[in-house]
Amino acid sequence: MGINKHQEQEKKMVEEALRIGPQSDRRRFFVSAATMGAAAATAPLVSMAQSAPAGAAPAARRAILKNDARLLNIGATVRSGNYWDFTTFMTPVEEFYVRNHYPTPLVEQKPILDPKNWNLKIHGNGIDKPIEITYDQLLKMPSKTIVATMECHGNGRSLFWEQQGHDKVAGGNWVLGAIGQAEWQYVPMSHIFALVGLKPNAKSVLFWSGVDGNDMGRPMPVSEITSRADDIGICFNMNGNPLTADHGGPVRVVVPGWGGTASIKWLTEMKIDTHHHWVRLNTKGEVYIGPDYEAPTINPTDEFIGVAAADVKGPMVTWMPIKSFITVPLVLEKSPSVPANYPLKRGEVPKVSAGRQVMRGYAWAPQHGIWYVEYRIDGGMWQRANLRQPNLGKYTWVRFDFPWDATPGNHVIETRGTDSKGNSQPATVPFNQLGMANGAVPKFKIQVV
Ligand SMILES: Nc1nc2c(c(=O)[nH]1)N[C@H]1C(S)=C(S)[C@@H](COP(=O)(O)O)O[C@H]1N2
Ligand SMILES: [Mo]
């Protein structure tokens with residue numbers, strides 16, 4: 001019940017943020033109309049100017065700027081990827097899921113998001129030298145690129161409803177598409193730590209936005225960052241282009257392998273301290289809450305920002321588990337809702353024609369990397385799927401395929417990834433109220449005709 005109240009609150013805040021929209025849209029509309037044909041500042045301005053008929057009232061402010069055509073609309077500020085249409089190793093930005101707790105903030109309302117104004121404050125008692133970094137300075141620092149998946153903790157929540165019958169799980173119905181893979185360009189934390197003089201007793205880095213909403217930020221233990229300080233960083237390019245507004249532009253954090261929440265978008269501040277930080281996104285949001293999970297302990301020196309000790313409900317979700325899917329839309333029968341633009345109606349089973357089929361899929365295991373992928377038909381023997389190149393290491397997914405002689409009737413195909421340590425996807429995972437990180441073997445129902 002506490003969870004539902006929380007969702008209600010979130011909904012209200014989104015509505016409120018959108019209400020100031022029409023005014024700013026009006027301004028944007030007239031600005032871009034006046035410069036019709038000339039290079040407008042951003043793509044959305046152009047499409048808005050073109051799609052609004054002359055003299056018409058400006059369109060209501062959209063919470064997400066990218067085109068909806070290749071995405072699944074699962075809420076005002078949330079879009080999942082159409083994973084059943086995925087074919088590429090790299091996910092085009094237009095196909096990449098968006099998870100916002102608030103509407104995508106606009107430069108018009110938040111001038112700090114203009115690269116000319118943007119700066120990052122790094123401070124706290126865990127460093128020798130507080131600094132501020134401008135966008136130009138950031139771009140001149142040594143940077144790296146990494147190809148890595150990014151996945152929302154809530155991806156696969158649908159499996160709690162569809163396969164495990166947990167009607168107490170609350171949250172959006174992502175199905176399996178809240179994942180994408182991109183090439184991220186970033187200034188590594190190793191460089192940042194050297195610049196500010198990280199103290200040996202520093203404990204926590206709080207990555208903070210505060211731009212889209214005043215509670216958007218998340219801490220990470222210093223030890224976790226230093227264990228892979230070249231892999232985690234301050235990101236400004238995605239697939240070779242500047243980060244778009246929806247994906248946190250101009251600058252976000254990228255933490256490969258951890259759930260998306262760690263990768264704070266619209267980053268403006270980094271607080272590095274010798275004590276722990278508690279905020280919304282590691283207390284009552286993006287945490288495991290359930291009988292199998294114990295709430296973490298609180299120390300007297302801990303800092304609470306916008307939350308209280310009573311809000312600490314469970315351990316924060318970190319690494320994403322091993323997962324896999326075939327590019328077939330999951331049957332949604334027991335989910336509380338079915339997204340309006342999902343290709344299947346409630347209970348509808350996808351159809352495939354009889355005969356030789358090649359089934360394709362994706363598997364990932366960001367903590368240790370995929371070793372092999374198996375599949376089975378109608379509960380039969382597990383068989384190995386063919387892995388396709390490229391397979392660039394633990395942070396990337398791999399594509400796989402296998403032939404299937406599809407015979408008329410109803411069938412179930414399951415897929416199971418195994419990582420380089422020999423861990424495989426389980427049949428079920430323990431219940432948690434927010435439906436985080438469900439890595440159970442997915443079951444795809446298919447009707448062969
Ligand atoms: N400032 C801010 N950062 C954020 C969020 C947010 O709502 N606000 N959502 C987080 C969550 S839950 C996820 S899964 C990822 C999603 O990143 P994407 O929208 O670029 O795919 O951003 C994370 N960073
Ligand atoms: Mo997320």
# chains A, B, ... in the order shown; residues from 1 in each chain; ligands from 1
>>> residues_near_ligand(ligand="ligand 1", cutoff="8 Å", atoms="only C-alpha atoms and all ligand atoms", output="CSV table (one decimal) with N, CA, C and O atoms, in the first residue's frame")
chain,number,residue,atom,x,y,z
A,96,PHE,N,16.0,2.9,-28.1
A,96,PHE,CA,16.5,2.7,-26.8
A,96,PHE,C,15.4,3.2,-25.8
A,96,PHE,O,14.9,4.3,-25.8
A,97,TYR,N,15.2,2.3,-24.8
A,97,TYR,CA,14.2,2.6,-23.8
A,97,TYR,C,14.5,3.9,-23.0
A,97,TYR,O,15.7,4.3,-23.0
A,98,VAL,N,13.5,4.5,-22.5
A,98,VAL,CA,13.7,5.7,-21.7
A,98,VAL,C,12.9,5.5,-20.3
A,98,VAL,O,11.8,5.2,-20.3
A,99,ARG,N,13.7,5.7,-19.2
A,99,ARG,CA,13.1,5.6,-17.9
A,99,ARG,C,13.3,6.9,-17.2
A,99,ARG,O,14.5,7.2,-16.8
A,100,ASN,N,12.3,7.7,-17.1
A,100,ASN,CA,12.3,9.0,-16.4
A,100,ASN,C,11.4,8.9,-15.2
A,100,ASN,O,10.3,8.4,-15.3
A,101,HIS,N,11.8,9.4,-14.0
A,101,HIS,CA,10.8,9.6,-12.9
A,101,HIS,C,10.0,10.8,-13.1
A,101,HIS,O,8.9,11.0,-12.5
A,102,TYR,N,10.5,11.8,-13.9
A,102,TYR,CA,9.8,13.0,-14.2
A,102,TYR,C,9.9,13.3,-15.7
A,102,TYR,O,10.7,12.6,-16.4
A,150,MET,N,22.6,-1.1,-21.1
A,150,MET,CA,22.0,-0.5,-19.9
A,150,MET,C,20.6,-1.0,-19.8
A,150,MET,O,19.9,-1.2,-20.7
A,151,GLU,N,20.2,-1.4,-18.5
A,151,GLU,CA,18.9,-2.0,-18.3
A,151,GLU,C,18.3,-1.5,-17.0
A,151,GLU,O,19.0,-1.3,-16.0
A,152,CYS,N,17.0,-1.2,-17.1
A,152,CYS,CA,16.3,-0.8,-15.9
A,152,CYS,C,16.1,-2.0,-15.0
A,152,CYS,O,15.8,-3.1,-15.4
A,153,HIS,N,16.2,-1.7,-13.7
A,153,HIS,CA,15.9,-2.7,-12.7
A,153,HIS,C,14.6,-3.4,-12.8
A,153,HIS,O,14.4,-4.5,-12.5
A,154,GLY,N,13.6,-2.6,-13.3
A,154,GLY,CA,12.2,-3.1,-13.4
A,154,GLY,C,12.0,-3.9,-14.7
A,154,GLY,O,10.9,-4.5,-14.9
A,178,ALA,N,13.2,-3.1,-21.5
A,178,ALA,CA,13.9,-1.9,-20.9
A,178,ALA,C,15.4,-2.2,-20.8
A,178,ALA,O,16.0,-2.1,-19.8
A,179,ILE,N,15.9,-2.5,-22.0
A,179,ILE,CA,17.4,-2.7,-22.1
A,179,ILE,C,17.8,-2.3,-23.5
A,179,ILE,O,17.0,-2.4,-24.5
A,180,GLY,N,19.0,-1.8,-23.6
A,180,GLY,CA,19.5,-1.4,-24.9
A,180,GLY,C,21.0,-1.5,-24.8
A,180,GLY,O,21.6,-1.6,-23.6
A,208,TRP,N,24.5,13.2,-8.4
A,208,TRP,CA,23.3,14.0,-8.1
A,208,TRP,C,22.9,14.8,-9.4
A,208,TRP,O,23.7,15.4,-10.1
A,209,SER,N,21.6,14.8,-9.7
A,209,SER,CA,21.1,15.6,-10.8
A,209,SER,C,20.3,16.8,-10.1
A,209,SER,O,20.8,17.9,-10.2
A,210,GLY,N,19.2,16.5,-9.5
A,210,GLY,CA,18.4,17.6,-9.0
A,210,GLY,C,17.8,18.5,-10.0
A,210,GLY,O,17.1,19.5,-9.7
A,211,VAL,N,17.9,18.1,-11.3
A,211,VAL,CA,17.4,19.0,-12.4
A,211,VAL,C,16.0,18.6,-12.8
A,211,VAL,O,15.1,19.4,-12.8
A,212,ASP,N,15.8,17.3,-13.0
A,212,ASP,CA,14.5,16.8,-13.4
A,212,ASP,C,13.5,16.8,-12.2
A,212,ASP,O,12.3,17.0,-12.3
A,213,GLY,N,14.0,16.4,-11.1
A,213,GLY,CA,13.3,16.3,-9.8
A,213,GLY,C,14.2,16.5,-8.7
A,213,GLY,O,15.4,16.2,-8.8
A,216,MET,N,16.4,13.3,-7.4
A,216,MET,CA,17.1,12.4,-8.3
A,216,MET,C,18.6,12.4,-8.2
A,216,MET,O,19.3,13.3,-8.6
A,217,GLY,N,19.1,11.3,-7.6
A,217,GLY,CA,20.5,11.1,-7.5
A,217,GLY,C,20.7,9.8,-6.8
A,217,GLY,O,19.7,9.2,-6.3
A,246,ASP,N,16.5,13.1,-23.7
A,246,ASP,CA,15.9,12.0,-23.0
A,246,ASP,C,16.9,11.1,-22.3
A,246,ASP,O,16.5,10.4,-21.3
A,247,HIS,N,18.1,11.0,-22.8
A,247,HIS,CA,19.1,10.1,-22.3
A,247,HIS,C,20.0,10.8,-21.3
A,247,HIS,O,21.1,10.3,-21.0
A,248,GLY,N,19.7,12.1,-20.9
A,248,GLY,CA,20.4,12.7,-19.8
A,248,GLY,C,21.3,13.8,-20.3
A,248,GLY,O,22.2,14.2,-19.5
A,252,ARG,N,25.7,12.6,-18.3
A,252,ARG,CA,25.1,11.6,-17.3
A,252,ARG,C,26.2,10.7,-16.8
A,252,ARG,O,27.3,10.7,-17.3
A,259,GLY,N,22.1,-1.8,-12.6
A,259,GLY,CA,20.8,-1.4,-13.1
A,259,GLY,C,20.9,0.1,-13.4
A,259,GLY,O,21.7,0.9,-12.9
A,260,GLY,N,20.0,0.5,-14.4
A,260,GLY,CA,20.1,1.9,-15.0
A,260,GLY,C,20.0,3.0,-13.9
A,260,GLY,O,20.6,4.1,-14.2
A,261,THR,N,19.4,2.7,-12.8
A,261,THR,CA,19.3,3.8,-11.8
A,261,THR,C,20.6,4.4,-11.4
A,261,THR,O,20.7,5.6,-11.0
A,262,ALA,N,21.6,3.6,-11.4
A,262,ALA,CA,23.0,4.1,-11.0
A,262,ALA,C,23.5,5.1,-12.0
A,262,ALA,O,24.3,6.0,-11.6
A,263,SER,N,23.0,5.1,-13.2
A,263,SER,CA,23.5,6.0,-14.3
A,263,SER,C,22.7,7.2,-14.3
A,263,SER,O,21.8,7.4,-15.2
A,264,ILE,N,22.9,8.1,-13.3
A,264,ILE,CA,22.1,9.3,-13.1
A,264,ILE,C,22.2,10.2,-14.3
A,264,ILE,O,23.3,10.5,-14.8
A,265,LYS,N,21.1,10.6,-14.8
A,265,LYS,CA,21.0,11.5,-16.0
A,265,LYS,C,21.0,13.0,-15.6
A,265,LYS,O,20.8,13.3,-14.4
A,266,TRP,N,21.4,13.9,-16.5
A,266,TRP,CA,21.4,15.3,-16.2
A,266,TRP,C,22.2,15.6,-15.0
A,266,TRP,O,21.8,16.3,-14.1
A,267,LEU,N,23.4,15.0,-14.9
A,267,LEU,CA,24.3,15.1,-13.8
A,267,LEU,C,24.7,16.6,-13.6
A,267,LEU,O,25.1,17.2,-14.5
A,286,GLU,N,14.0,1.5,-6.0
A,286,GLU,CA,15.1,0.8,-6.6
A,286,GLU,C,15.8,0.0,-5.6
A,286,GLU,O,17.0,-0.1,-5.6
>>> select_by_dssp(residues="stretch 23-263 of chain A", states="strand (DSSP E or B)", output="MDAnalysis selection string")
chainID A and resid 71:75 78:81 98:99 119:123 127 131:134 144:151 179:188 198 204:208 217:221 233:238 241:242 252:254 258
>>> closest_residue(among="A:Trp364, A:Tyr375, A:Phe402, A:Trp258", to="ligand 2", atoms="only C-alpha atoms and all ligand atoms")
A:Trp258
>>> residues_around(residues="A:Asn391", least_positions_apart="4", cutoff="12 Å", atoms="only C-alpha atoms", output="PyMOL selection string")
chain A and resi 89-90+147-148+362-365+369-372+387+395-400
>>> closest_residue(among="A:Asn125, A:Asn241, A:Gln367, A:Leu434", to="ligand 2", atoms="only C-alpha atoms and all ligand atoms")
A:Leu434
>>> closest_residue(among="A:Leu159, A:Ile133, A:Leu392, A:Val78", to="ligand 2", atoms="only C-alpha atoms and all ligand atoms")
A:Val78
>>> closest_residue(among="A:Ser80, A:Asn432, A:Lys271, A:Val205", to="A:Ile131", atoms="only C-alpha atoms")
A:Lys271
>>> residues_around(residues="stretch 121-123 of chain A", least_positions_apart="6", cutoff="9 Å", atoms="only C-alpha atoms", output="JSON, numbers by chain")
{"A": [129, 130, 131, 132, 133, 196, 268, 269, 270, 271, 272, 273]}
>>> residues_around(residues="stretch 137-146 of chain A", least_positions_apart="4", cutoff="10 Å", atoms="only C-alpha atoms", output="PyMOL selection string")
chain A and resi 119-120+132-133+182-188+191-192+230-240+251+254+256+392+395-396
>>> write_last_selection(atoms="N, CA and C atoms", output="short mmCIF file (atom, residue, chain, number, x, y, z; two decimals), in the first residue's frame")
data_model
loop_
_atom_site.label_atom_id
_atom_site.label_comp_id
_atom_site.auth_asym_id
_atom_site.auth_seq_id
_atom_site.Cartn_x
_atom_site.Cartn_y
_atom_site.Cartn_z
N ASN A 119 27.75 22.89 -15.63
CA ASN A 119 28.97 22.56 -14.90
C ASN A 119 28.68 21.55 -13.82
N LEU A 120 29.74 20.87 -13.46
CA LEU A 120 29.65 19.78 -12.48
C LEU A 120 30.44 20.19 -11.25
N GLU A 132 35.09 22.48 -9.98
CA GLU A 132 33.95 22.57 -10.88
C GLU A 132 34.46 22.34 -12.29
N ILE A 133 33.70 21.60 -13.06
CA ILE A 133 34.12 21.26 -14.42
C ILE A 133 33.06 21.76 -15.39
N ALA A 182 24.61 0.43 -26.09
CA ALA A 182 25.16 1.59 -26.78
C ALA A 182 26.66 1.66 -26.56
N GLU A 183 27.29 2.50 -27.37
CA GLU A 183 28.69 2.84 -27.13
C GLU A 183 28.67 4.16 -26.36
N TRP A 184 29.22 4.11 -25.18
CA TRP A 184 29.22 5.28 -24.29
C TRP A 184 30.62 5.88 -24.28
N GLN A 185 30.71 7.19 -24.44
CA GLN A 185 32.01 7.86 -24.30
C GLN A 185 31.99 8.68 -23.02
N TYR A 186 33.03 8.52 -22.21
CA TYR A 186 32.98 9.08 -20.86
C TYR A 186 34.39 9.39 -20.35
N VAL A 187 34.43 10.29 -19.38
CA VAL A 187 35.67 10.55 -18.65
C VAL A 187 35.66 9.61 -17.45
N PRO A 188 36.62 8.69 -17.38
CA PRO A 188 36.57 7.66 -16.33
C PRO A 188 36.73 8.23 -14.93
N HIS A 191 40.18 9.12 -13.57
CA HIS A 191 40.69 10.47 -13.85
C HIS A 191 40.10 11.49 -12.86
N ILE A 192 38.81 11.39 -12.63
CA ILE A 192 38.13 12.32 -11.71
C ILE A 192 38.72 12.19 -10.30
N ASP A 230 38.04 2.58 -14.37
CA ASP A 230 38.17 2.95 -15.78
C ASP A 230 36.89 2.63 -16.56
N ASP A 231 36.02 1.81 -15.95
CA ASP A 231 34.79 1.38 -16.65
C ASP A 231 33.60 2.29 -16.35
N ILE A 232 33.68 3.02 -15.24
CA ILE A 232 32.57 3.86 -14.79
C ILE A 232 32.96 5.30 -15.05
N GLY A 233 32.04 6.12 -15.53
CA GLY A 233 32.46 7.50 -15.78
C GLY A 233 31.35 8.47 -16.08
N ILE A 234 31.81 9.66 -16.43
CA ILE A 234 30.95 10.81 -16.69
C ILE A 234 30.80 10.89 -18.20
N CYS A 235 29.59 10.57 -18.68
CA CYS A 235 29.37 10.29 -20.10
C CYS A 235 28.75 11.48 -20.82
N PHE A 236 29.26 11.73 -22.05
CA PHE A 236 28.71 12.84 -22.84
C PHE A 236 28.30 12.43 -24.25
N ASN A 237 28.74 11.26 -24.72
CA ASN A 237 28.34 10.79 -26.05
C ASN A 237 27.72 9.40 -25.97
N MET A 238 26.71 9.19 -26.81
CA MET A 238 26.05 7.88 -26.91
C MET A 238 26.02 7.51 -28.38
N ASN A 239 26.57 6.37 -28.74
CA ASN A 239 26.66 5.95 -30.15
C ASN A 239 27.31 7.04 -31.02
N GLY A 240 28.29 7.71 -30.48
CA GLY A 240 29.06 8.68 -31.27
C GLY A 240 28.48 10.07 -31.37
N VAL A 251 25.11 15.66 -19.92
CA VAL A 251 26.07 14.77 -19.24
C VAL A 251 25.34 13.87 -18.24
N VAL A 254 27.56 6.82 -16.37
CA VAL A 254 27.33 5.47 -16.90
C VAL A 254 28.05 4.46 -16.00
N PRO A 256 28.34 0.65 -16.14
CA PRO A 256 28.03 -0.58 -16.86
C PRO A 256 27.73 -1.72 -15.90
N LEU A 392 31.73 -8.99 -27.13
CA LEU A 392 32.83 -8.11 -26.74
C LEU A 392 33.18 -8.14 -25.26
N TYR A 395 30.33 -6.84 -20.43
CA TYR A 395 29.32 -5.78 -20.41
C TYR A 395 28.39 -5.78 -21.61
N THR A 396 28.70 -6.59 -22.63
CA THR A 396 27.85 -6.58 -23.82
C THR A 396 26.94 -7.80 -23.85
#
>>> decode(residues="stretch 324-335 of chain A", atoms="N, CA, C and O atoms", output="compact mmCIF listing (two decimals), in the first residue's frame")
# COMPACT_ATOMS: atom_id res chain seq x y z
N SER A 324 17.91 -13.45 -20.75
CA SER A 324 17.85 -13.77 -22.16
C SER A 324 16.42 -13.65 -22.66
O SER A 324 15.48 -13.70 -21.86
N PHE A 325 16.27 -13.44 -23.94
CA PHE A 325 14.93 -13.49 -24.55
C PHE A 325 15.06 -13.88 -26.01
O PHE A 325 16.14 -13.75 -26.60
N ILE A 326 13.97 -14.42 -26.58
CA ILE A 326 13.89 -14.51 -28.03
C ILE A 326 13.01 -13.36 -28.49
O ILE A 326 12.21 -12.82 -27.71
N THR A 327 13.15 -12.99 -29.76
CA THR A 327 12.44 -11.80 -30.25
C THR A 327 10.99 -12.15 -30.60
O THR A 327 10.56 -12.10 -31.75
N VAL A 328 10.26 -12.51 -29.55
CA VAL A 328 8.85 -12.89 -29.65
C VAL A 328 8.14 -12.14 -28.52
O VAL A 328 8.61 -12.18 -27.38
N PRO A 329 7.04 -11.44 -28.81
CA PRO A 329 6.37 -10.72 -27.72
C PRO A 329 5.78 -11.71 -26.70
O PRO A 329 5.16 -12.69 -27.08
N LEU A 330 6.01 -11.41 -25.44
CA LEU A 330 5.55 -12.26 -24.35
C LEU A 330 4.02 -12.16 -24.23
O LEU A 330 3.47 -11.06 -24.34
N VAL A 331 3.38 -13.29 -24.00
CA VAL A 331 1.93 -13.26 -23.80
C VAL A 331 1.64 -12.57 -22.47
O VAL A 331 2.21 -12.93 -21.44
N LEU A 332 0.77 -11.57 -22.49
CA LEU A 332 0.40 -10.86 -21.26
C LEU A 332 -1.02 -11.25 -20.87
O LEU A 332 -1.98 -10.90 -21.57
N GLU A 333 -1.09 -12.05 -19.81
CA GLU A 333 -2.39 -12.56 -19.40
C GLU A 333 -2.77 -12.02 -18.03
O GLU A 333 -3.86 -11.55 -17.80
N LYS A 334 -1.79 -12.10 -17.11
CA LYS A 334 -2.10 -11.78 -15.70
C LYS A 334 -1.58 -10.41 -15.29
O LYS A 334 -1.79 -9.99 -14.16
N SER A 335 -0.88 -9.72 -16.17
CA SER A 335 -0.35 -8.39 -15.84
C SER A 335 -1.50 -7.45 -15.50
O SER A 335 -2.57 -7.55 -16.09
